[in-house]
Amino acid sequence: MRSSVRSGEMAKLTQLIDNEVFRAYATYTAIVLLKMMLMSLITVYFRITRKAFVNPEDTASFGKGESAKKYLRTDTDVERVRRGHLNDLENIVPFLGIGLLYALSGPELYTALLHFRIFAGARIAHTFAYLIPLPQPCRGLSWAVGYAVTISMAYKVLKTVLYL
């Protein structure tokens, strides 16, 4: 009996993959997560090219002792990338949870795609605005657009499934 319950649960999971809205969510979630992961690589690139490290063991290839200590420092470019990465964490993580609930709340495909695409585009634009850097209000607007999309999805979830 227990195996039939589990196979029934598994069937429901495979049906989820057939849901177009869920597939759209999975697609755009993968895009923004890969973009966020890319920020780690960009941070590494800037740390190496600017020779700015925070841990003594990271400076070992540049010498030992006092000669390596000069590489234990902060750099404005490295810090800019790190702030962009932190902003991704602060905005993409809520999108993951709220976006999943939104996808499961039964929205129209067109509306869901609009939400997911605008969010992904806003996060990509935010990264370019941070790294280039573009003048304000470019970065602020791209942040606000992505944030508003997440709020819009949260509102739709609460409106659809409010259970207090």
# chains A, B, ... in the order shown; residues from 1 in each chain; ligands from 1
>>> residues_around(residues="range 50-56 of chain A", least_positions_apart="2", cutoff="6 Å", atoms="only C-alpha atoms", output="list in words")
Phe46, Arg47, Ile48, Asp58, Thr59, Tyr71, Leu72, Arg73 and Thr74 of chain A
>>> select_by_dssp(residues="range 19-76 of chain A", states="helix (DSSP H, G or I)", output="ChimeraX atom specification")
/A:20-50,56-62,66-69,76
>>> closest_atom_pairs(of="range 5-104 of chain A", to="range 110-122 of chain A", cutoff="7 Å", atoms="only C-alpha atoms", output="CSV")
residue,atom,partner,partner_atom,distance
A:Val21,CA,A:Ala112,CA,6.5
A:Ala24,CA,A:Leu113,CA,6.5
A:Tyr25,CA,A:Phe116,CA,6.7
A:Tyr28,CA,A:Phe116,CA,6.1
A:Val32,CA,A:Ala120,CA,6.0
>>> write_last_selection(atoms="C-alpha atoms", output="CSV table (one decimal), in the first residue's frame")
chain,number,residue,atom,x,y,z
A,21,VAL,CA,3.5,27.8,-16.2
A,24,ALA,CA,8.2,28.8,-17.6
A,25,TYR,CA,9.0,29.3,-13.9
A,28,TYR,CA,13.5,31.7,-15.8
A,32,VAL,CA,18.5,34.1,-12.9
>>> closest_residue(among="A:Thr127, A:Pro133, A:Ile92, A:Trp143", to="Ala30 in chain A", atoms="only C-alpha atoms")
A:Ile92
>>> residues_around(residues="Leu86 in chain A", least_positions_apart="5", cutoff="10 Å", atoms="only C-alpha atoms", output="ChimeraX atom specification")
/A:36,39,80-81,91-92
>>> decode(residues="range 71-96 of chain A", atoms="N, CA, C and O atoms", output="mmCIF file, in the first residue's frame")
data_model
loop_
_atom_site.group_PDB
_atom_site.id
_atom_site.type_symbol
_atom_site.label_atom_id
_atom_site.label_comp_id
_atom_site.auth_asym_id
_atom_site.auth_seq_id
_atom_site.Cartn_x
_atom_site.Cartn_y
_atom_site.Cartn_z
ATOM 1 N N TYR A 71 48.553 42.354 -0.507
ATOM 2 C CA TYR A 71 47.409 41.916 -1.308
ATOM 3 C C TYR A 71 46.180 41.641 -0.451
ATOM 4 O O TYR A 71 45.113 41.328 -0.977
ATOM 5 N N LEU A 72 46.320 41.766 0.862
ATOM 6 C CA LEU A 72 45.177 41.659 1.767
ATOM 7 C C LEU A 72 44.566 43.049 1.890
ATOM 8 O O LEU A 72 44.931 43.837 2.755
ATOM 9 N N ARG A 73 43.640 43.334 0.979
ATOM 10 C CA ARG A 73 43.090 44.684 0.927
ATOM 11 C C ARG A 73 41.728 44.667 0.248
ATOM 12 O O ARG A 73 41.337 43.665 -0.339
ATOM 13 N N THR A 74 41.033 45.755 0.359
ATOM 14 C CA THR A 74 39.774 45.895 -0.371
ATOM 15 C C THR A 74 40.035 46.679 -1.650
ATOM 16 O O THR A 74 41.002 47.439 -1.746
ATOM 17 N N ASP A 75 39.174 46.471 -2.609
ATOM 18 C CA ASP A 75 39.281 47.158 -3.894
ATOM 19 C C ASP A 75 37.881 47.621 -4.281
ATOM 20 O O ASP A 75 36.906 46.873 -4.118
ATOM 21 N N THR A 76 37.761 48.829 -4.795
ATOM 22 C CA THR A 76 36.437 49.376 -5.114
ATOM 23 C C THR A 76 35.715 48.551 -6.177
ATOM 24 O O THR A 76 34.501 48.369 -6.097
ATOM 25 N N ASP A 77 36.436 48.043 -7.176
ATOM 26 C CA ASP A 77 35.795 47.233 -8.218
ATOM 27 C C ASP A 77 35.304 45.895 -7.667
ATOM 28 O O ASP A 77 34.204 45.444 -7.993
ATOM 29 N N VAL A 78 36.126 45.257 -6.832
ATOM 30 C CA VAL A 78 35.726 43.987 -6.217
ATOM 31 C C VAL A 78 34.495 44.215 -5.344
ATOM 32 O O VAL A 78 33.532 43.439 -5.384
ATOM 33 N N GLU A 79 34.511 45.286 -4.576
ATOM 34 C CA GLU A 79 33.380 45.576 -3.688
ATOM 35 C C GLU A 79 32.111 45.885 -4.473
ATOM 36 O O GLU A 79 31.010 45.528 -4.063
ATOM 37 N N ARG A 80 32.254 46.532 -5.613
ATOM 38 C CA ARG A 80 31.088 46.805 -6.469
ATOM 39 C C ARG A 80 30.459 45.505 -6.948
ATOM 40 O O ARG A 80 29.236 45.331 -6.903
ATOM 41 N N VAL A 81 31.274 44.558 -7.399
ATOM 42 C CA VAL A 81 30.758 43.264 -7.850
ATOM 43 C C VAL A 81 30.103 42.525 -6.683
ATOM 44 O O VAL A 81 29.026 41.941 -6.825
ATOM 45 N N ARG A 82 30.747 42.562 -5.529
ATOM 46 C CA ARG A 82 30.191 41.895 -4.353
ATOM 47 C C ARG A 82 28.838 42.489 -3.960
ATOM 48 O O ARG A 82 27.907 41.761 -3.600
ATOM 49 N N ARG A 83 28.700 43.802 -4.055
ATOM 50 C CA ARG A 83 27.410 44.432 -3.724
ATOM 51 C C ARG A 83 26.336 44.014 -4.737
ATOM 52 O O ARG A 83 25.180 43.787 -4.366
ATOM 53 N N GLY A 84 26.719 43.910 -6.005
ATOM 54 C CA GLY A 84 25.768 43.430 -7.012
ATOM 55 C C GLY A 84 25.331 41.997 -6.733
ATOM 56 O O GLY A 84 24.154 41.648 -6.877
ATOM 57 N N HIS A 85 26.288 41.169 -6.323
ATOM 58 C CA HIS A 85 25.987 39.774 -5.990
ATOM 59 C C HIS A 85 25.076 39.701 -4.770
ATOM 60 O O HIS A 85 24.108 38.929 -4.743
ATOM 61 N N LEU A 86 25.359 40.503 -3.770
ATOM 62 C CA LEU A 86 24.517 40.546 -2.575
ATOM 63 C C LEU A 86 23.099 40.999 -2.928
ATOM 64 O O LEU A 86 22.112 40.453 -2.426
ATOM 65 N N ASN A 87 22.989 41.973 -3.820
ATOM 66 C CA ASN A 87 21.677 42.431 -4.243
ATOM 67 C C ASN A 87 20.919 41.313 -4.952
ATOM 68 O O ASN A 87 19.706 41.175 -4.791
ATOM 69 N N ASP A 88 21.633 40.493 -5.732
ATOM 70 C CA ASP A 88 21.005 39.321 -6.350
ATOM 71 C C ASP A 88 20.443 38.393 -5.285
ATOM 72 O O ASP A 88 19.313 37.919 -5.390
ATOM 73 N N LEU A 89 21.238 38.111 -4.268
ATOM 74 C CA LEU A 89 20.779 37.223 -3.197
ATOM 75 C C LEU A 89 19.529 37.781 -2.523
ATOM 76 O O LEU A 89 18.595 37.038 -2.200
ATOM 77 N N GLU A 90 19.505 39.079 -2.305
ATOM 78 C CA GLU A 90 18.376 39.715 -1.628
ATOM 79 C C GLU A 90 17.111 39.738 -2.478
ATOM 80 O O GLU A 90 16.018 39.881 -1.944
ATOM 81 N N ASN A 91 17.240 39.596 -3.797
ATOM 82 C CA ASN A 91 16.078 39.700 -4.674
ATOM 83 C C ASN A 91 15.719 38.403 -5.382
ATOM 84 O O ASN A 91 14.535 38.134 -5.610
ATOM 85 N N ILE A 92 16.705 37.605 -5.740
ATOM 86 C CA ILE A 92 16.419 36.358 -6.455
ATOM 87 C C ILE A 92 15.874 35.295 -5.506
ATOM 88 O O ILE A 92 14.965 34.550 -5.869
ATOM 89 N N VAL A 93 16.387 35.235 -4.288
ATOM 90 C CA VAL A 93 15.890 34.232 -3.337
ATOM 91 C C VAL A 93 14.389 34.421 -3.070
ATOM 92 O O VAL A 93 13.626 33.456 -3.149
ATOM 93 N N PRO A 94 13.910 35.647 -2.778
ATOM 94 C CA PRO A 94 12.451 35.803 -2.632
ATOM 95 C C PRO A 94 11.686 35.431 -3.905
ATOM 96 O O PRO A 94 10.601 34.848 -3.835
ATOM 97 N N PHE A 95 12.247 35.765 -5.075
ATOM 98 C CA PHE A 95 11.605 35.398 -6.333
ATOM 99 C C PHE A 95 11.429 33.883 -6.432
ATOM 100 O O PHE A 95 10.403 33.411 -6.931
ATOM 101 N N LEU A 96 12.432 33.127 -5.979
ATOM 102 C CA LEU A 96 12.340 31.663 -6.070
ATOM 103 C C LEU A 96 11.123 31.146 -5.317
ATOM 104 O O LEU A 96 10.347 30.350 -5.852
#
